[in-house]
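As stored in model-v1.cif (mmCIF, C-alpha atoms and all ligand atoms):
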data_run
loop_
_atom_site.label_atom_id
_atom_site.label_comp_id
_atom_site.auth_asym_id
_atom_site.auth_seq_id
_atom_site.Cartn_x
_atom_site.Cartn_y
_atom_site.Cartn_z
CA MET A 12 -4.88 4.37 -11.30
CA LYS A 13 -8.00 4.43 -9.20
CA ARG A 14 -9.13 7.21 -6.99
CA LYS A 15 -11.29 6.39 -4.05
CA ALA A 16 -12.21 9.67 -2.46
CA VAL A 17 -15.38 8.31 -0.85
CA SER A 18 -13.87 5.24 0.74
CA GLY A 19 -10.88 7.42 1.56
CA ILE A 20 -13.09 9.70 3.64
CA MET A 21 -14.54 6.79 5.57
CA LEU A 22 -11.10 5.34 6.13
CA THR A 23 -9.86 8.72 7.27
CA LEU A 24 -12.65 9.03 9.82
CA LEU A 25 -11.87 5.57 11.11
CA LEU A 26 -8.18 6.30 11.28
CA ILE A 27 -8.67 9.68 12.94
CA GLY A 28 -10.47 7.87 15.72
CA MET A 29 -7.91 5.11 15.95
CA SER A 30 -4.88 7.36 15.78
CA THR A 31 -6.33 9.84 18.27
CA LEU A 32 -6.82 6.96 20.62
CA ALA A 33 -3.28 5.73 20.03
CA PHE A 34 -1.85 9.17 20.69
CA ASN A 35 -3.88 9.68 23.84
CA ILE A 36 -2.58 6.46 25.30
CA GLN A 37 1.06 6.97 24.41
CA PRO A 38 3.12 8.76 21.82
CA VAL A 39 4.26 6.22 19.28
CA LYS A 40 7.50 6.16 17.36
CA ALA A 41 6.69 3.23 15.14
CA ALA A 42 4.00 3.24 12.49
CA MET A 43 0.48 3.05 13.75
CA VAL A 44 -0.68 0.09 11.83
CA ALA A 45 -4.31 -0.13 10.84
CA SER A 46 -5.00 -3.54 9.45
CA GLU A 47 -7.58 -3.46 6.67
CA SER A 48 -7.67 -7.15 5.93
CA PRO A 49 -5.45 -10.06 6.85
CA SER A 50 -3.27 -9.45 3.83
CA THR A 51 -3.08 -5.65 3.68
CA THR A 52 -1.82 -3.04 6.11
CA GLU A 53 -1.92 0.75 5.96
CA LEU A 54 1.26 2.43 7.16
CA VAL A 55 0.36 5.63 8.97
CA TYR A 56 2.58 8.24 10.65
CA ASP A 57 0.14 11.17 10.82
CA ASP A 58 -2.98 11.77 12.91
CA GLY A 59 -5.39 12.22 9.98
CA THR A 60 -5.79 16.03 10.28
CA SER A 61 -3.64 18.66 8.59
CA GLU A 62 -2.83 21.88 10.42
CA VAL A 63 -0.86 23.57 7.65
CA GLY A 64 -0.27 23.01 3.94
CA PRO A 65 3.12 23.78 2.44
CA ALA A 66 3.78 23.86 -1.29
CA TRP A 67 6.94 24.30 -3.34
CA ASN A 68 7.06 27.49 -5.39
CA VAL A 69 9.59 25.74 -7.57
CA VAL A 70 8.36 23.03 -9.93
CA GLY A 71 10.05 19.71 -9.20
CA GLY A 72 10.14 20.16 -5.42
CA MET A 73 8.84 17.15 -3.53
CA PHE A 74 7.40 16.15 -0.19
CA ALA A 75 7.89 12.57 0.91
CA VAL A 76 7.29 10.15 3.73
CA GLN A 77 9.65 7.30 4.60
CA PHE A 78 7.98 3.95 5.26
CA THR A 79 9.24 0.91 7.11
CA ALA A 80 7.40 -2.27 6.19
CA PRO A 81 6.17 -4.41 9.10
CA PHE A 82 7.11 -7.56 7.16
CA TYR A 83 9.06 -8.77 4.13
CA PRO A 84 8.61 -9.51 1.35
CA VAL A 85 6.25 -6.56 1.12
CA LYS A 86 4.24 -5.46 -1.88
CA ILE A 87 3.32 -1.79 -2.25
CA LEU A 88 -0.35 -1.61 -3.20
CA GLU A 89 -1.45 2.02 -2.91
CA ALA A 90 0.00 5.47 -2.35
CA ARG A 91 -2.38 7.70 -0.37
CA ILE A 92 -1.92 11.47 -0.30
CA PHE A 93 -3.84 14.12 1.64
CA PHE A 94 -3.81 17.71 0.37
CA HIS A 95 -4.51 20.55 2.77
CA ALA A 96 -5.70 23.11 0.21
CA LEU A 97 -6.07 23.77 -3.48
CA ASN A 98 -6.07 27.30 -4.88
CA ASN A 99 -6.59 26.46 -8.56
CA PRO A 100 -9.65 24.54 -9.85
CA SER A 101 -7.33 21.59 -10.45
CA ASP A 102 -3.65 20.82 -10.37
CA PRO A 103 -1.48 18.01 -11.63
CA ILE A 104 0.97 16.35 -9.28
CA ARG A 105 3.41 13.49 -9.82
CA VAL A 106 3.59 10.56 -7.43
CA HIS A 107 6.89 8.75 -6.94
CA ILE A 108 7.54 5.45 -5.19
CA LEU A 109 11.21 5.46 -4.23
CA ASP A 110 13.63 3.00 -2.71
CA ASP A 111 15.70 3.81 0.36
CA GLU A 112 18.21 5.69 -1.80
CA PHE A 113 15.52 7.83 -3.47
CA ASN A 114 15.57 5.92 -6.77
CA ASP A 115 12.23 5.45 -8.53
CA LEU A 116 10.95 1.88 -8.07
CA THR A 117 8.38 2.36 -10.81
CA GLU A 118 7.51 4.94 -13.46
CA PRO A 119 6.09 7.99 -11.65
CA ILE A 120 2.31 8.39 -11.81
CA ASP A 121 0.66 11.67 -12.76
CA LEU A 122 -2.52 12.58 -10.93
CA THR A 123 -4.87 15.54 -11.19
CA VAL A 124 -6.21 16.92 -7.93
CA TYR A 125 -9.53 18.76 -8.17
CA GLN A 126 -11.06 21.35 -5.90
CA GLY A 127 -13.28 19.54 -3.42
CA GLU A 128 -10.70 16.80 -3.04
CA GLU A 129 -8.63 18.74 -0.53
CA LYS A 130 -8.74 17.28 2.96
CA THR A 131 -9.60 13.83 1.61
CA TRP A 132 -7.28 10.90 0.99
CA LEU A 133 -6.52 10.33 -2.68
CA SER A 134 -5.42 6.80 -3.45
CA VAL A 135 -3.17 5.80 -6.31
CA ASP A 136 -3.40 2.08 -7.01
CA VAL A 137 0.05 0.76 -7.89
CA SER A 138 -0.72 -2.91 -7.27
CA SER A 139 -0.35 -3.73 -10.97
CA ARG A 140 3.22 -2.36 -10.89
CA ASN A 141 4.32 -5.39 -8.83
CA ILE A 142 6.58 -3.41 -6.53
CA VAL A 143 7.91 -5.99 -4.09
CA LEU A 144 10.67 -5.27 -1.57
CA LEU A 145 12.65 -7.95 0.21
CA SER A 146 14.25 -5.47 2.60
CA GLY A 147 14.74 -1.76 3.18
CA ASP A 148 12.54 1.28 3.61
CA PHE A 149 10.72 3.01 0.79
CA PHE A 150 9.44 6.53 0.18
CA ILE A 151 6.30 7.91 -1.39
CA ALA A 152 6.72 11.43 -2.73
CA SER A 153 4.42 14.06 -4.18
CA GLU A 154 6.17 16.21 -6.79
CA GLN A 155 5.04 19.77 -7.37
CA LEU A 156 4.16 20.28 -11.05
CA VAL A 157 2.59 23.73 -10.55
CA GLY A 158 4.46 26.25 -8.42
CA GLY A 159 2.62 26.97 -5.17
CA ASP A 160 -0.31 24.62 -5.65
CA PRO A 161 -1.68 22.28 -4.31
CA ASP A 162 -0.64 22.36 -0.65
CA ILE A 163 0.32 19.02 0.83
CA GLY A 164 -1.29 18.09 4.14
CA SER A 165 1.09 18.60 7.03
CA ASP A 166 0.19 17.26 10.46
CA THR A 167 1.91 19.40 13.08
CA SER A 168 -0.40 18.61 16.01
CA SER A 169 0.88 15.11 16.70
CA PRO A 170 4.43 14.15 17.71
CA PRO A 171 6.74 14.20 14.68
CA GLN A 172 7.59 10.65 13.68
CA GLY A 173 10.84 11.50 11.91
CA ARG A 174 9.44 10.28 8.61
CA SER A 175 9.05 13.46 6.58
CA TRP A 176 11.47 14.47 3.84
CA GLU A 177 11.77 17.24 1.25
CA PHE A 178 13.45 17.52 -2.12
CA ASN A 179 14.42 21.04 -3.16
CA THR A 180 15.11 19.90 -6.78
CA VAL A 181 18.77 19.34 -5.88
CA SER A 182 18.93 17.20 -2.78
CA TRP A 183 16.82 15.42 -0.21
CA TYR A 184 16.77 16.41 3.44
CA PRO A 185 14.67 15.44 6.45
CA GLN A 186 11.93 17.68 7.79
CA PRO A 187 11.89 16.63 11.43
CA GLY A 188 9.21 19.00 12.72
CA THR A 189 6.15 17.63 10.92
CA ASN A 190 4.33 14.61 9.60
CA TYR A 191 3.56 15.02 5.91
CA MET A 192 0.29 13.30 5.16
CA ILE A 193 1.24 10.49 2.85
CA ARG A 194 0.38 6.89 3.64
CA ALA A 195 1.04 3.53 2.07
CA LEU A 196 -1.13 0.47 1.71
CA VAL A 197 1.06 -2.61 1.61
CA GLY A 198 0.38 -6.30 1.31
CA THR A 199 2.20 -9.40 2.37
CA LEU A 200 3.23 -12.22 0.16
CA LEU A 201 2.25 -15.36 2.04
CA ARG A 202 5.16 -17.64 2.82
CA THR A 203 3.70 -21.09 3.35
CA ILE A 204 1.03 -23.22 1.73
CA GLU A 205 -0.81 -23.25 5.08
CA GLU A 206 -0.84 -19.44 5.16
CA LEU A 207 -2.10 -19.40 1.60
CA LYS A 208 -4.97 -21.76 2.53
CA THR A 209 -5.95 -19.55 5.46
CA GLU A 210 -5.88 -16.51 3.20
CA ILE A 211 -8.15 -18.20 0.66
CA GLU A 212 -10.67 -19.06 3.39
CA GLU A 213 -10.60 -15.45 4.58
CA LEU A 214 -10.95 -14.07 1.06
CA GLY A 215 -13.93 -16.39 0.63
CA SER A 216 -15.61 -15.19 3.81
CA GLU A 217 -14.96 -11.55 2.83
CA GLY A 218 -16.49 -12.05 -0.61
CA GLU A 219 -13.21 -11.38 -2.42
CA ILE A 220 -13.71 -14.88 -3.77
CA ASP A 221 -17.44 -15.03 -4.46
CA ASN A 222 -17.94 -18.76 -4.89
CA LYS A 223 -17.60 -21.46 -2.22
CA GLY A 224 -16.85 -24.14 -4.81
CA ILE A 225 -13.83 -22.16 -5.96
CA VAL A 226 -12.60 -21.76 -2.39
CA LYS A 227 -12.87 -25.54 -1.91
CA SER A 228 -11.21 -26.30 -5.22
CA LEU A 229 -8.26 -23.97 -4.53
CA ILE A 230 -7.78 -25.38 -1.04
CA ALA A 231 -7.95 -28.95 -2.41
CA LYS A 232 -5.10 -28.13 -4.80
CA LEU A 233 -3.04 -26.70 -1.95
CA ASN A 234 -3.74 -29.78 0.19
CA VAL A 235 -2.36 -31.94 -2.60
CA ALA A 236 0.68 -29.69 -2.93
CA GLN A 237 1.28 -29.76 0.84
CA LYS A 238 1.07 -33.58 0.92
CA LEU A 239 3.62 -33.76 -1.87
CA VAL A 240 5.90 -31.38 0.03
CA ASP A 241 5.50 -33.55 3.15
CA LYS A 242 6.58 -36.59 1.11
CA GLY A 243 9.59 -34.72 -0.24
CA LYS A 244 8.15 -34.58 -3.75
CA ILE A 245 8.99 -30.93 -4.21
CA ASP A 246 8.98 -30.84 -8.00
CA GLU A 247 5.50 -32.37 -8.12
CA ALA A 248 4.31 -29.92 -5.47
CA LYS A 249 5.72 -27.02 -7.48
CA SER A 250 3.99 -28.30 -10.58
CA ILE A 251 0.62 -28.27 -8.75
CA LEU A 252 1.21 -24.69 -7.61
CA GLU A 253 2.49 -23.47 -10.95
CA ASP A 254 0.43 -25.31 -13.54
CA ASP A 255 -2.76 -25.81 -11.57
CA PHE A 256 -3.23 -23.35 -8.71
CA ILE A 257 -1.80 -20.20 -10.31
CA ILE A 258 -3.48 -20.88 -13.64
CA GLN A 259 -6.88 -21.33 -11.98
CA VAL A 260 -6.49 -18.12 -9.97
CA GLN A 261 -5.44 -16.19 -13.08
CA ASN A 262 -8.37 -17.54 -15.06
CA LEU A 263 -10.82 -16.44 -12.35
CA SER A 264 -9.22 -13.04 -11.72
CA GLY A 265 -11.78 -10.30 -12.21
CA ILE A 266 -14.55 -12.91 -12.55
CA HIS A 267 -14.94 -14.84 -9.28
CA ILE A 268 -11.83 -13.52 -7.55
CA THR A 269 -11.20 -9.78 -7.28
CA VAL A 270 -8.19 -8.66 -9.27
CA LYS A 271 -6.39 -7.46 -6.14
CA ALA A 272 -7.04 -10.74 -4.28
CA ALA A 273 -5.97 -12.80 -7.29
CA ASP A 274 -2.82 -10.74 -7.59
CA ILE A 275 -1.87 -11.39 -3.97
CA LEU A 276 -2.59 -15.11 -4.34
CA VAL A 277 -0.52 -15.43 -7.51
CA GLN A 278 2.38 -13.39 -6.12
CA SER A 279 2.28 -15.39 -2.90
CA ALA A 280 2.22 -18.71 -4.76
CA GLU A 281 5.16 -17.54 -6.88
CA HIS A 282 6.99 -16.51 -3.72
CA ILE A 283 6.30 -19.91 -2.12
CA LEU A 284 7.53 -21.58 -5.32
CA SER A 285 10.75 -19.61 -5.06
CA ILE A 286 11.46 -20.78 -1.52
CA LEU A 287 10.20 -24.40 -1.67
CA CA B 301 -3.05 16.90 12.99
#

Please re-express this file's structure in structure tokens.
Ligand SMILES: [Ca+2]
Amino acid sequence: MKRKAVSGIMLTLLLIGMSTLAFNIQPVKAAMVASESPSTTELVYDDGTSEVGPAWNVVGGMFAVQFTAPFYPVKILEARIFFHALNNPSDPIRVHILDDEFNDLTEPIDLTVYQGEEKTWLSVDVSSRNIVLLSGDFFIASEQLVGGDPDIGSDTSSPPQGRSWEFNTVSWYPQPGTNYMIRALVGTLLRTIEELKTEIEELGSEGEIDNKGIVKSLIAKLNVAQKLVDKGKIDEAKSILEDDFIIQVQNLSGIHITVKAADILVQSAEHILSIL
């Protein structure tokens, strides 16, 4: 679990500007999508400012936002939650990632929210949980572990997007009048060898892969695999991806390739393997 309050603030400022602009032009029903890099997308249904901050007095109550992925397969990378106010010096909360029937997709994650972190985006990195959906919506929920505190951010100044839900410890029901301030960072699994090559070039130019020789070497492997695919030699192509490409990426993960980038490359290669 990583918390990125500082980058969260900068992102929030950026998104406030972008979403304000989007709302001024036309009210939007679909997610306002702010692309952070070619392979990740933040799903946003709020305007970045909270007007009120509800909390459950009963422990176990939850606030949630329903997300629709812009593509499949989709990997859930981060849950981002914005609290309106905190009355205690700190409070624990529990973050759930749920499928479209409100079943946990991964073990819930406990997080402590500290005073000073209200009105910032707190990010929970779930990329290592390998939550990949092939279809369907998902929910991110914040569970109240202390009655009455903290207060979740609730955006009531922008048109309700029909995404907000509540759990009263017994059942779930929609909260149509507001936009609870929960966002999701999702990533795509690339579907073709060509897409994977493009992604590697982009990761190289962004510094996510910090060595040009490695970029060249990875692309060379994919070129070989693509040629084998073109010749109908699928098993040989798979062997290049599996025994050569994936192994090299894994070996360089956290060294010359950022862990997150390596994870996307490996998952994508595995996905391509599964559909070749
Ligand atoms: Ca607002």

Ligand CA 301 (chain B): which residues are within 10 Å, counting all atoms listed in the file? Reply as a list in words. Ile27, Thr31, Asp57, Asp58, Gly59, Thr60, Ser61, Glu62, Val63, Gly164, Ser165, Asp166, Thr167, Ser168, Ser169, Pro170, Thr189, Asn190, Tyr191 and Met192 of chain A

Would you work out the distance separating atom CA of A:Asn114 from atom CA of A:Glu154, expressed in Å to one decimal?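 Distance reported for this atom pair: 13.9 Å.
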
Nearest-residue call for A:Ala195, choices A:Ser285, A:Asn99, A:Asn222, A:Ser134, using only C-alpha atoms: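 For A:Ala195, the nearest of the given residues is A:Ser134.
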
Restricting the calculation to all atoms listed in the file, which member of A:His107, A:Lys242, A:Arg174, A:Lys86 is positioned closest to A:Gly72?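 Once distances to A:Gly72 are computed over all atoms listed in the file, the minimum belongs to A:His107.
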
Residue nearest A:Leu97 among A:Asp115, A:Asp160, A:Glu253, A:Glu219 (counting only C-alpha atoms):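 The answer is A:Asp160, which sits nearest to A:Leu97.
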
Among the residues A:His282, A:His267, A:Gly158, A:Val70, the one that comes closest to A:Leu214 [using only C-alpha atoms]: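 So, comparing all the options, the nearest one is A:His267.
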
Among the residues A:Arg140, A:Lys238, A:Lys232, A:His95, the one that comes closest to A:Ile258 [using all atoms listed in the file]: A:Lys232

One decimal, in Å: what's the spacing between atom CA of A:Glu210 and atom CA of A:Ile230?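 Between these atoms lies a distance of 10.0 Å.
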
Hey, can you check how far atom CA of A:Thr209 sits from atom CA of A:Glu89? 23.6 Å

12 Å contact set for A:Ile266, all atoms listed in the file, chain neighbours under 6 positions out, as a short mmCIF file (atom, residue, chain, number, x, y, z; two decimals) with C-alpha atoms, keeping the file's coordinate frame:
data_model
loop_
_atom_site.label_atom_id
_atom_site.label_comp_id
_atom_site.auth_asym_id
_atom_site.auth_seq_id
_atom_site.Cartn_x
_atom_site.Cartn_y
_atom_site.Cartn_z
CA GLU A 219 -13.21 -11.38 -2.42
CA ILE A 220 -13.71 -14.88 -3.77
CA ASP A 221 -17.44 -15.03 -4.46
CA ASN A 222 -17.94 -18.76 -4.89
CA ILE A 225 -13.83 -22.16 -5.96
CA GLN A 259 -6.88 -21.33 -11.98
CA VAL A 260 -6.49 -18.12 -9.97
CA ALA A 272 -7.04 -10.74 -4.28
CA ALA A 273 -5.97 -12.80 -7.29
#

Quick one: residues within 9 Å of stretch 200-204 of chain A, all atoms listed in the file counted, chain neighbours fewer than 2 positions away excluded, as a PyMOL selection string? chain A and resi 50+83-86+143+198+206-210+233-234+236-237+275-276+278-280+282-283+286-287

I'd like the contact shell of A:Asp110 - 12 Å cut-off, only C-alpha atoms, skipping same-chain residues fewer than 5 positions apart - returned as number ranges by chain. A: 75-79, 87, 115-117, 142-152
